[in-house]
There are 4 protein chains.
Amino acid sequence: MTTVGVIGCGYWGPNLIRNFAENDEAQLLWMCDADPKRLETMGRRYPFARTTSDYREVLSDSRVDAVVIATPVATHYRFTKESLVAGKHVLVEKPFTTSVCEAEELIALAERCGLALMVDHTFVYTGAVRKIKEIVESGEIGDLLYFDSVRINLGLFQSDINVVWDLAPHDLSIMDFIVEREPVAVSAIGSCHVEQGIENIAYLMLRFADSFIAHFHFNWLSPVKIRRTLIAGSRKMIVYDDIEPTEKVRVYDKGVTTNRCEEGTDKEATYQTLVSYRTGDVWVPKLDPREALRHVCAEFVEAIAQARRPLTDGHAGLRVVRLLEAAQRSISNGGQFIKV
Amino acid sequence: MTTVGVIGCGYWGPNLIRNFAENDEAQLLWMCDADPKRLETMGRRYPFARTTSDYREVLSDSRVDAVVIATPVATHYRFTKESLVAGKHVLVEKPFTTSVCEAEELIALAERCGLALMVDHTFVYTGAVRKIKEIVESGEIGDLLYFDSVRINLGLFQSDINVVWDLAPHDLSIMDFIVEREPVAVSAIGSCHVEQGIENIAYLMLRFADSFIAHFHFNWLSPVKIRRTLIAGSRKMIVYDDIEPTEKVRVYDKGVTTNRCEEGTDKEATYQTLVSYRTGDVWVPKLDPREALRHVCAEFVEAIAQARRPLTDGHAGLRVVRLLEAAQRSISNGGQFIKV
Amino acid sequence: MTTVGVIGCGYWGPNLIRNFAENDEAQLLWMCDADPKRLETMGRRYPFARTTSDYREVLSDSRVDAVVIATPVATHYRFTKESLVAGKHVLVEKPFTTSVCEAEELIALAERCGLALMVDHTFVYTGAVRKIKEIVESGEIGDLLYFDSVRINLGLFQSDINVVWDLAPHDLSIMDFIVEREPVAVSAIGSCHVEQGIENIAYLMLRFADSFIAHFHFNWLSPVKIRRTLIAGSRKMIVYDDIEPTEKVRVYDKGVTTNRCEEGTDKEATYQTLVSYRTGDVWVPKLDPREALRHVCAEFVEAIAQARRPLTDGHAGLRVVRLLEAAQRSISNGGQFIKV
Amino acid sequence: MTTVGVIGCGYWGPNLIRNFAENDEAQLLWMCDADPKRLETMGRRYPFARTTSDYREVLSDSRVDAVVIATPVATHYRFTKESLVAGKHVLVEKPFTTSVCEAEELIALAERCGLALMVDHTFVYTGAVRKIKEIVESGEIGDLLYFDSVRINLGLFQSDINVVWDLAPHDLSIMDFIVEREPVAVSAIGSCHVEQGIENIAYLMLRFADSFIAHFHFNWLSPVKIRRTLIAGSRKMIVYDDIEPTEKVRVYDKGVTTNRCEEGTDKEATYQTLVSYRTGDVWVPKLDPREALRHVCAEFVEAIAQARRPLTDGHAGLRVVRLLEAAQRSISNGGQFIKV
């Protein structure tokens, strides 16, 4: 049984609280928020847990094994550090931190203390993404060619972070999980149409060591809601459409075959390419419909119990932050490629 | 009555021939192609026109007023030049030429000769694009914020040109027509997954003098066919989905309103932004369902008759070629922004 | 301020309870259910209200003005009757009763007692249906020609009622509200594929005094979820697609025009019809996105306060039950038309 | 090599002509139409075939093996009869005839003469319908439960036949081919909103000997175009959406499982049903993309060459006409079930 205190009862906190409350291996001890009204609401909902507006009460409670941090990103570093120092395992919201520097320090600290440090890359735990991972890992789609993701909507404008820091953690963590490769360079372009200094539209481009590329479109100012990822392989291709209520993942038996044939016997023997299309069935696999956050909480609790690294550990969080930081720098430099 | 000879009876030529044959103000005199089988087919279909495999027969026929060139892009310059020199008006397929240099020379030549020079930017003549132009010009959607276009499919691989030269002329000519602004810099990234040296996927980014940006995704290797353009304005937003059989254009009464309010009276009076969403009706205007090419042919014939510039003249063709050339250079330079 | 007791905390009850709890003009006094576990859950959620497993406690509490009944349909008659006898206003779930006879008795009773009697025809209070009503009432779509509704899914099989009694109340109440006409005859055909005696698929046909017709397809055993209604008028046509997240209502400026022209002057002067199509814009009106049940509760409270009939009163409930009863009889008679 | 004469060059005739012209086993000898303008157009397109406005020229030409009849339905009987009498094999458009009586006479006549008699039930030859047939025949979807078809559009109004005679032959021939069962009774309801006596909307209901049912919605006055058929089996379900450009057939691994369990050991041991849902993968099979009419022509030519019955012979045509006739009678009788 892992005892848990949750700091932050704003947008995402209540979902984490609910899932820990329903997890048989976890016991919710504390809920903490600066806003007394929110605390009261949560207190009524989970009368068995204590509430406080002072997070230090949570950290100093020796019965607490683990702390869950669901506060604004600017505070992740501080709360995570203090929690680790207080000897608590930590599950922290995405994006992990506001800089690579902070992320590296926290990882080192957690390792020194022998504590679990997990980042809530929720999408990695969805039925859809886990199914895609399974398909890609099986080799069924062949070599990966490109990853193209669009996440656009008339969205919730943030006043503290731009569209990249808001939306990219989703797609970058999905890509990191499925592709298992790190890019060599990042370029990003954005534009501010609503609030000076806060990009509301941005395009990210990742280059890798070979011809594999990844591209992302993030947008808070789109008339239509699109959340679609194309993952092309040399043998098959996957479309992941998160708007679809149930048929989110489609595997297309489609591709191109090239037959290189030596032509003639003359000196300047040239190779000509014959390109032919292949179009076969489409397969829409059934997905685990359970809430991703349930798996997030279970993974955190299990990693602690087994004293092992969680699936989306600090390093996974760091890899995403590294790309976000590089993207931000590229935007400031007018789209220049930044080595990572 | 304008007399016409068509050079090239391959993929697109027969469509041009059919439309000129059906145009009451035009008279089809010649059809020319190197392939005798194609010529025979066309000859049976339009027995009133003559056929030849030697384009010089067309150019030397003094009865011919205008030449229509529907040959591979590499030959556009030569055929257009010889036609102009022979005193013929010219309608040439897109992309206009393979370089800015060629395009500029042809424009100058046509002007010197007092001949009409038109590029077949077909999409500009569709009911959808003309309706969008009308809406944008009316001011209804407010200031333009961004232009985002996706044109992807499991496409026809070309062996001579890459996906940018193949698909971008469509979207760049549409943007050029609607936006009526020229970008200051172009960046493009592509990747070759099938044939070395022939990009099958590419992303284009256009920067303008202000915060307006344009972005394009071209792809011959996509499992799904998408042809969708978002045109966001400060008041309304347009989605142009060319896959839709009839409801291709949708105008969303959606947007964001920012209210800047001076806060307090203290020295460091700060301005805070209040962002609010606006979501209203959607309007799907009825479109002219007639074939775009019919309007292309009519415009060409009318421009000749009225001795005026056609809507998509050599300059329009040049603007597109300038972007293609810059995009190609950017791809070669790893995505660097190229000033235009 | 209207004081309310709710009987039934199963599937729909909690939604009613939440809406009454949030209504400033209502005060939730009692929650009643036979299941102690449900009661406990609800008690924790609304600690200010009392809970009981004996509905008579609610009816005998003189502080209670109104009773809300969200129990299985077979018990509606009894609970409604006892509540009215106890001097309480009643809001009862749909379908109102299991027979016309019961419904008529309850209406008479409520009128004798001067009490409000309302049936929760929830869909009538949705933004979509109210907008359609407004459009139809304005005369914009012309004369009504037909009403065609499909409500199919791999649904929740009921063990006590068939698909008609389960799903038809939705569409019949919508039709009743929008069309404001009563049919002259009902025919229904159903089939039982899962449980003998419980139809899981059924088609209903309503005939009216003139050429207007209404047809319904209800199905618990469909691989796809469809909830779409076509409402055709002589001038325009409406498609109401309840699956669409926001663009639920579409108004098509489409139709057919007939020009009757007298032909020739010969003795047997015949009238020939020239039919021509008309296709114009599509309009997708913005809808009130608020929860329909909020409006249901507000209407109930307001009707009591103003001592007026609620919008969906007992008579509306009776009209739906009359059609359900006739449909059931038609199914038993192999699809014969039943006069109503 | 089968020599062919085609009577009727209106709407569908040119498609038949083109396919016979392209069939290596057939030789197009004659094209016949009352309209000289149409004849001239067709003559220019197929200069190797003769044209005539007198069908008797075709029938009396001893070189002609087979006659293809693509004229209005009212003339099918006469042209087919005269062709058979002249010793020609016949391929006739759907619907076969205007009455069961005519159809039976023609079948008997063809059999007496030893001539092939085929009805052009085009949809039966599409890649989609043949794939569905294959799946159903394999037993993969289990026992057939229901067949539900919707074919609606703002359609081409006919002045001589109603929407049932116009559209139902498509779906009835598809059902006849896939289900291979004949109904025991037919009911139909229609309404005339445009032209008195010509139903523009109609619903058909077919009852079979067991719980399998079939239902159809035909409509010329719908704002949206829908062509979708649901075929539910006890194990899997098929959705056939003919509007989809490529993914027309979807096989859903969905269904309901009933577990009947004996409850308790008391005397009145009751059987209770436990219903559970099953939702698995969706499979979208690749379809033969070739034109159905090509297969129609090939089947006709091959059946003649092999002196065997064609797949959609006169009996198939008769089965459809029998249902059309019964539907028409039911409409006239206000929807009464007509035994067939």
# chains A, B, ... in the order shown; residues from 1 in each chain; ligands from 1

$ calpha_fit_rmsd --fixed "chain A" --moving "chain D"
0.1 Å

$ residues_around --residues "A:Tyr277" --least-positions-apart "3" --cutoff "10 Å" --atoms "only C-alpha atoms" --output "list of chain:residue names"
A:Lys254, A:Gly255, A:Val256, A:Thr257, A:Thr258, A:Gly280, B:Leu154, B:Gly155, B:Leu156, B:Phe157, B:Leu221

$ residues_around --residues "A:Lys339" --least-positions-apart "2" --cutoff "8 Å" --atoms "only C-alpha atoms" --output "MDAnalysis selection string"
chainID A and resid 184:186 326 337

$ atom_distance --atom1 "atom CA of C:Leu318" --atom2 "atom CA of C:Val296"
17.8 Å

$ atom_distance --atom1 "atom CA of C:Glu134" --atom2 "atom CA of D:Trp220"
26.2 Å

$ residues_around --residues "C:Arg78" --least-positions-apart "4" --cutoff "12 Å" --atoms "only C-alpha atoms" --output "PyMOL selection string"
chain C and resi 55+69+71-74+82-85+92+96-98+102-103+105-106

$ closest_atom_pairs --of "chain B" --to "chain D" --cutoff "12 Å" --atoms "only C-alpha atoms" --output "CSV"
residue,atom,partner,partner_atom,distance
B:Thr41,CA,D:Arg45,CA,10.2
B:Met42,CA,D:Arg45,CA,10.9
B:Gly43,CA,D:Arg45,CA,11.0
B:Arg44,CA,D:Arg45,CA,7.5
B:Arg45,CA,D:Arg45,CA,6.7
B:Tyr46,CA,D:Arg44,CA,9.1
B:Pro47,CA,D:Arg44,CA,8.8
B:Phe48,CA,D:Arg44,CA,11.5
B:Pro223,CA,D:Thr246,CA,11.9
B:Val224,CA,D:Thr246,CA,10.6
B:Lys225,CA,D:Pro245,CA,10.5
B:Ile243,CA,D:Pro245,CA,10.2
B:Glu244,CA,D:Pro245,CA,11.0
B:Pro245,CA,D:Ile243,CA,10.2
B:Thr246,CA,D:Val224,CA,10.6
B:Glu247,CA,D:Val224,CA,11.1

$ residues_around --residues "D:Val64" --least-positions-apart "3" --cutoff "9 Å" --atoms "only C-alpha atoms" --output "list of chain:residue names"
D:Thr2, D:Thr3, D:Val4, D:Gly5, D:Leu29, D:Trp30, D:Val58, D:Leu59, D:Ser60, D:Asp61, D:Val67, D:Lys88

$ write_last_selection --atoms "C-alpha atoms" --output "PDB file, in the first residue's frame"
ATOM      1  CA  THR D   2     -20.132 -12.797 -79.467  1.00  0.00           C
ATOM      2  CA  THR D   3     -21.626 -10.203 -81.774  1.00  0.00           C
ATOM      3  CA  VAL D   4     -23.771  -7.607 -80.069  1.00  0.00           C
ATOM      4  CA  GLY D   5     -26.357  -5.015 -80.934  1.00  0.00           C
ATOM      5  CA  LEU D  29     -22.175  -4.524 -84.480  1.00  0.00           C
ATOM      6  CA  TRP D  30     -25.132  -2.215 -83.965  1.00  0.00           C
ATOM      7  CA  VAL D  58     -30.698  -5.081 -85.497  1.00  0.00           C
ATOM      8  CA  LEU D  59     -33.003  -8.035 -84.916  1.00  0.00           C
ATOM      9  CA  SER D  60     -33.070  -9.023 -88.549  1.00  0.00           C
ATOM     10  CA  ASP D  61     -29.296  -8.992 -88.930  1.00  0.00           C
ATOM     11  CA  VAL D  67     -29.113  -7.937 -78.093  1.00  0.00           C
ATOM     12  CA  LYS D  88     -30.969 -13.500 -80.052  1.00  0.00           C
TER      13      LYS D  88
END

$ residues_around --residues "A:Met205" --least-positions-apart "2" --cutoff "9 Å" --atoms "only C-alpha atoms" --output "PyMOL selection string"
(chain A and resi 185-189+203+207+213-216+327+337) or (chain B and resi 189+203)

$ write_last_selection --atoms "N, CA and C atoms" --output "PDB file, in the first residue's frame"
ATOM      1  N   ALA A 185      18.281  17.324 -34.540  1.00  0.00           N
ATOM      2  CA  ALA A 185      18.086  18.771 -34.628  1.00  0.00           C
ATOM      3  C   ALA A 185      16.601  19.104 -34.626  1.00  0.00           C
ATOM      4  N   VAL A 186      16.294  20.270 -34.087  1.00  0.00           N
ATOM      5  CA  VAL A 186      14.909  20.728 -33.948  1.00  0.00           C
ATOM      6  C   VAL A 186      14.784  22.116 -34.563  1.00  0.00           C
ATOM      7  N   SER A 187      13.724  22.301 -35.325  1.00  0.00           N
ATOM      8  CA  SER A 187      13.424  23.640 -35.828  1.00  0.00           C
ATOM      9  C   SER A 187      11.972  23.947 -35.490  1.00  0.00           C
ATOM     10  N   ALA A 188      11.685  25.193 -35.174  1.00  0.00           N
ATOM     11  CA  ALA A 188      10.295  25.551 -34.878  1.00  0.00           C
ATOM     12  C   ALA A 188      10.026  26.978 -35.322  1.00  0.00           C
ATOM     13  N   ILE A 189       8.824  27.154 -35.797  1.00  0.00           N
ATOM     14  CA  ILE A 189       8.361  28.474 -36.220  1.00  0.00           C
ATOM     15  C   ILE A 189       7.017  28.697 -35.550  1.00  0.00           C
ATOM     16  N   TYR A 203       4.826  25.320 -35.684  1.00  0.00           N
ATOM     17  CA  TYR A 203       5.181  24.108 -36.421  1.00  0.00           C
ATOM     18  C   TYR A 203       6.553  23.656 -35.935  1.00  0.00           C
ATOM     19  N   ARG A 207      14.686  16.568 -37.113  1.00  0.00           N
ATOM     20  CA  ARG A 207      15.521  15.781 -38.017  1.00  0.00           C
ATOM     21  C   ARG A 207      16.235  14.707 -37.237  1.00  0.00           C
ATOM     22  N   ILE A 213      11.818  11.546 -40.475  1.00  0.00           N
ATOM     23  CA  ILE A 213      11.575  12.906 -39.990  1.00  0.00           C
ATOM     24  C   ILE A 213      10.279  12.939 -39.188  1.00  0.00           C
ATOM     25  N   ALA A 214      10.177  13.945 -38.342  1.00  0.00           N
ATOM     26  CA  ALA A 214       8.943  14.120 -37.560  1.00  0.00           C
ATOM     27  C   ALA A 214       8.534  15.581 -37.641  1.00  0.00           C
ATOM     28  N   HIS A 215       7.234  15.795 -37.763  1.00  0.00           N
ATOM     29  CA  HIS A 215       6.723  17.155 -37.927  1.00  0.00           C
ATOM     30  C   HIS A 215       5.442  17.304 -37.112  1.00  0.00           C
ATOM     31  N   PHE A 216       5.224  18.498 -36.570  1.00  0.00           N
ATOM     32  CA  PHE A 216       4.095  18.741 -35.669  1.00  0.00           C
ATOM     33  C   PHE A 216       3.469  20.093 -35.971  1.00  0.00           C
ATOM     34  N   ALA A 327      13.044  23.814 -29.213  1.00  0.00           N
ATOM     35  CA  ALA A 327      12.004  24.413 -30.056  1.00  0.00           C
ATOM     36  C   ALA A 327      11.843  25.893 -29.715  1.00  0.00           C
ATOM     37  N   PHE A 337      17.663  25.617 -37.223  1.00  0.00           N
ATOM     38  CA  PHE A 337      17.750  24.289 -36.617  1.00  0.00           C
ATOM     39  C   PHE A 337      18.684  24.330 -35.418  1.00  0.00           C
TER      40      PHE A 337
ATOM     41  N   ILE B 189      11.671  21.596 -45.864  1.00  0.00           N
ATOM     42  CA  ILE B 189      12.352  20.377 -45.438  1.00  0.00           C
ATOM     43  C   ILE B 189      11.679  19.231 -46.181  1.00  0.00           C
ATOM     44  N   TYR B 203       7.686  19.781 -46.224  1.00  0.00           N
ATOM     45  CA  TYR B 203       6.962  20.826 -45.500  1.00  0.00           C
ATOM     46  C   TYR B 203       7.533  22.173 -45.929  1.00  0.00           C
TER      47      TYR B 203
END

$ select_by_dssp --residues "stretch 131-242 of chain A" --states "strand (DSSP E or B)" --output "ChimeraX atom specification"
/A:144-154,185-191,195,198,201-207,213-219,221-233,237-241

$ residues_around --residues "D:Ser173" --least-positions-apart "6" --cutoff "10 Å" --atoms "only C-alpha atoms" --output "ChimeraX atom specification"
/D:94-95,120-124,179,312,316-317,319-321

$ select_by_dssp --residues "stretch 50-287 of chain B" --states "alpha helix (DSSP H)" --output "PyMOL selection string"
chain B and resi 55-59+76-85+100-113+127-137+163-179

$ closest_residue --among "C:Leu204, C:Ser234, C:Lys286, C:Thr75" --to "C:Gly335" --atoms "only C-alpha atoms"
C:Leu204

$ closest_residue --among "D:Asn333, D:Ser211, D:Asp33, D:Thr126" --to "C:Gln196" --atoms "only C-alpha atoms"
D:Ser211

$ atom_distance --atom1 "atom CA of A:Ser99" --atom2 "atom CA of A:Ile201"
21.3 Å

$ decode --residues "stretch 177-220 of chain A" --atoms "C-alpha atoms" --output "PDB file, in the first residue's frame"
ATOM      1  CA  PHE A 177       7.550   6.286 -26.652  1.00  0.00           C
ATOM      2  CA  ILE A 178       6.720   4.822 -30.058  1.00  0.00           C
ATOM      3  CA  VAL A 179       9.762   5.759 -32.095  1.00  0.00           C
ATOM      4  CA  GLU A 180      12.390   5.236 -29.374  1.00  0.00           C
ATOM      5  CA  ARG A 181      14.856   7.431 -31.193  1.00  0.00           C
ATOM      6  CA  GLU A 182      16.172  10.874 -30.425  1.00  0.00           C
ATOM      7  CA  PRO A 183      16.353  13.599 -33.059  1.00  0.00           C
ATOM      8  CA  VAL A 184      19.578  15.351 -33.958  1.00  0.00           C
ATOM      9  CA  ALA A 185      18.086  18.771 -34.628  1.00  0.00           C
ATOM     10  CA  VAL A 186      14.909  20.728 -33.948  1.00  0.00           C
ATOM     11  CA  SER A 187      13.424  23.640 -35.828  1.00  0.00           C
ATOM     12  CA  ALA A 188      10.295  25.551 -34.878  1.00  0.00           C
ATOM     13  CA  ILE A 189       8.361  28.474 -36.220  1.00  0.00           C
ATOM     14  CA  GLY A 190       5.531  30.179 -34.417  1.00  0.00           C
ATOM     15  CA  SER A 191       3.398  33.239 -34.629  1.00  0.00           C
ATOM     16  CA  CYS A 192       1.534  35.378 -32.097  1.00  0.00           C
ATOM     17  CA  HIS A 193      -1.882  36.586 -33.215  1.00  0.00           C
ATOM     18  CA  VAL A 194      -3.569  37.185 -29.908  1.00  0.00           C
ATOM     19  CA  GLU A 195      -1.060  37.997 -27.210  1.00  0.00           C
ATOM     20  CA  GLN A 196       2.396  39.397 -27.930  1.00  0.00           C
ATOM     21  CA  GLY A 197       5.094  36.932 -26.875  1.00  0.00           C
ATOM     22  CA  ILE A 198       2.746  33.951 -26.582  1.00  0.00           C
ATOM     23  CA  GLU A 199       2.782  31.918 -29.776  1.00  0.00           C
ATOM     24  CA  ASN A 200      -0.689  30.534 -30.565  1.00  0.00           C
ATOM     25  CA  ILE A 201       0.383  28.601 -33.654  1.00  0.00           C
ATOM     26  CA  ALA A 202       3.615  26.704 -34.152  1.00  0.00           C
ATOM     27  CA  TYR A 203       5.181  24.108 -36.421  1.00  0.00           C
ATOM     28  CA  LEU A 204       7.944  21.804 -35.173  1.00  0.00           C
ATOM     29  CA  MET A 205      10.319  19.841 -37.328  1.00  0.00           C
ATOM     30  CA  LEU A 206      12.625  17.135 -36.009  1.00  0.00           C
ATOM     31  CA  ARG A 207      15.521  15.781 -38.017  1.00  0.00           C
ATOM     32  CA  PHE A 208      17.054  12.428 -37.240  1.00  0.00           C
ATOM     33  CA  ALA A 209      20.307  10.774 -38.232  1.00  0.00           C
ATOM     34  CA  ASP A 210      18.719   9.213 -41.307  1.00  0.00           C
ATOM     35  CA  SER A 211      15.769   9.974 -43.589  1.00  0.00           C
ATOM     36  CA  PHE A 212      13.185   9.549 -40.814  1.00  0.00           C
ATOM     37  CA  ILE A 213      11.575  12.906 -39.990  1.00  0.00           C
ATOM     38  CA  ALA A 214       8.943  14.120 -37.560  1.00  0.00           C
ATOM     39  CA  HIS A 215       6.723  17.155 -37.927  1.00  0.00           C
ATOM     40  CA  PHE A 216       4.095  18.741 -35.669  1.00  0.00           C
ATOM     41  CA  HIS A 217       1.426  21.387 -36.059  1.00  0.00           C
ATOM     42  CA  PHE A 218       0.147  22.979 -32.830  1.00  0.00           C
ATOM     43  CA  ASN A 219      -2.579  25.581 -32.938  1.00  0.00           C
ATOM     44  CA  TRP A 220      -4.928  27.231 -30.427  1.00  0.00           C
TER      45      TRP A 220
END
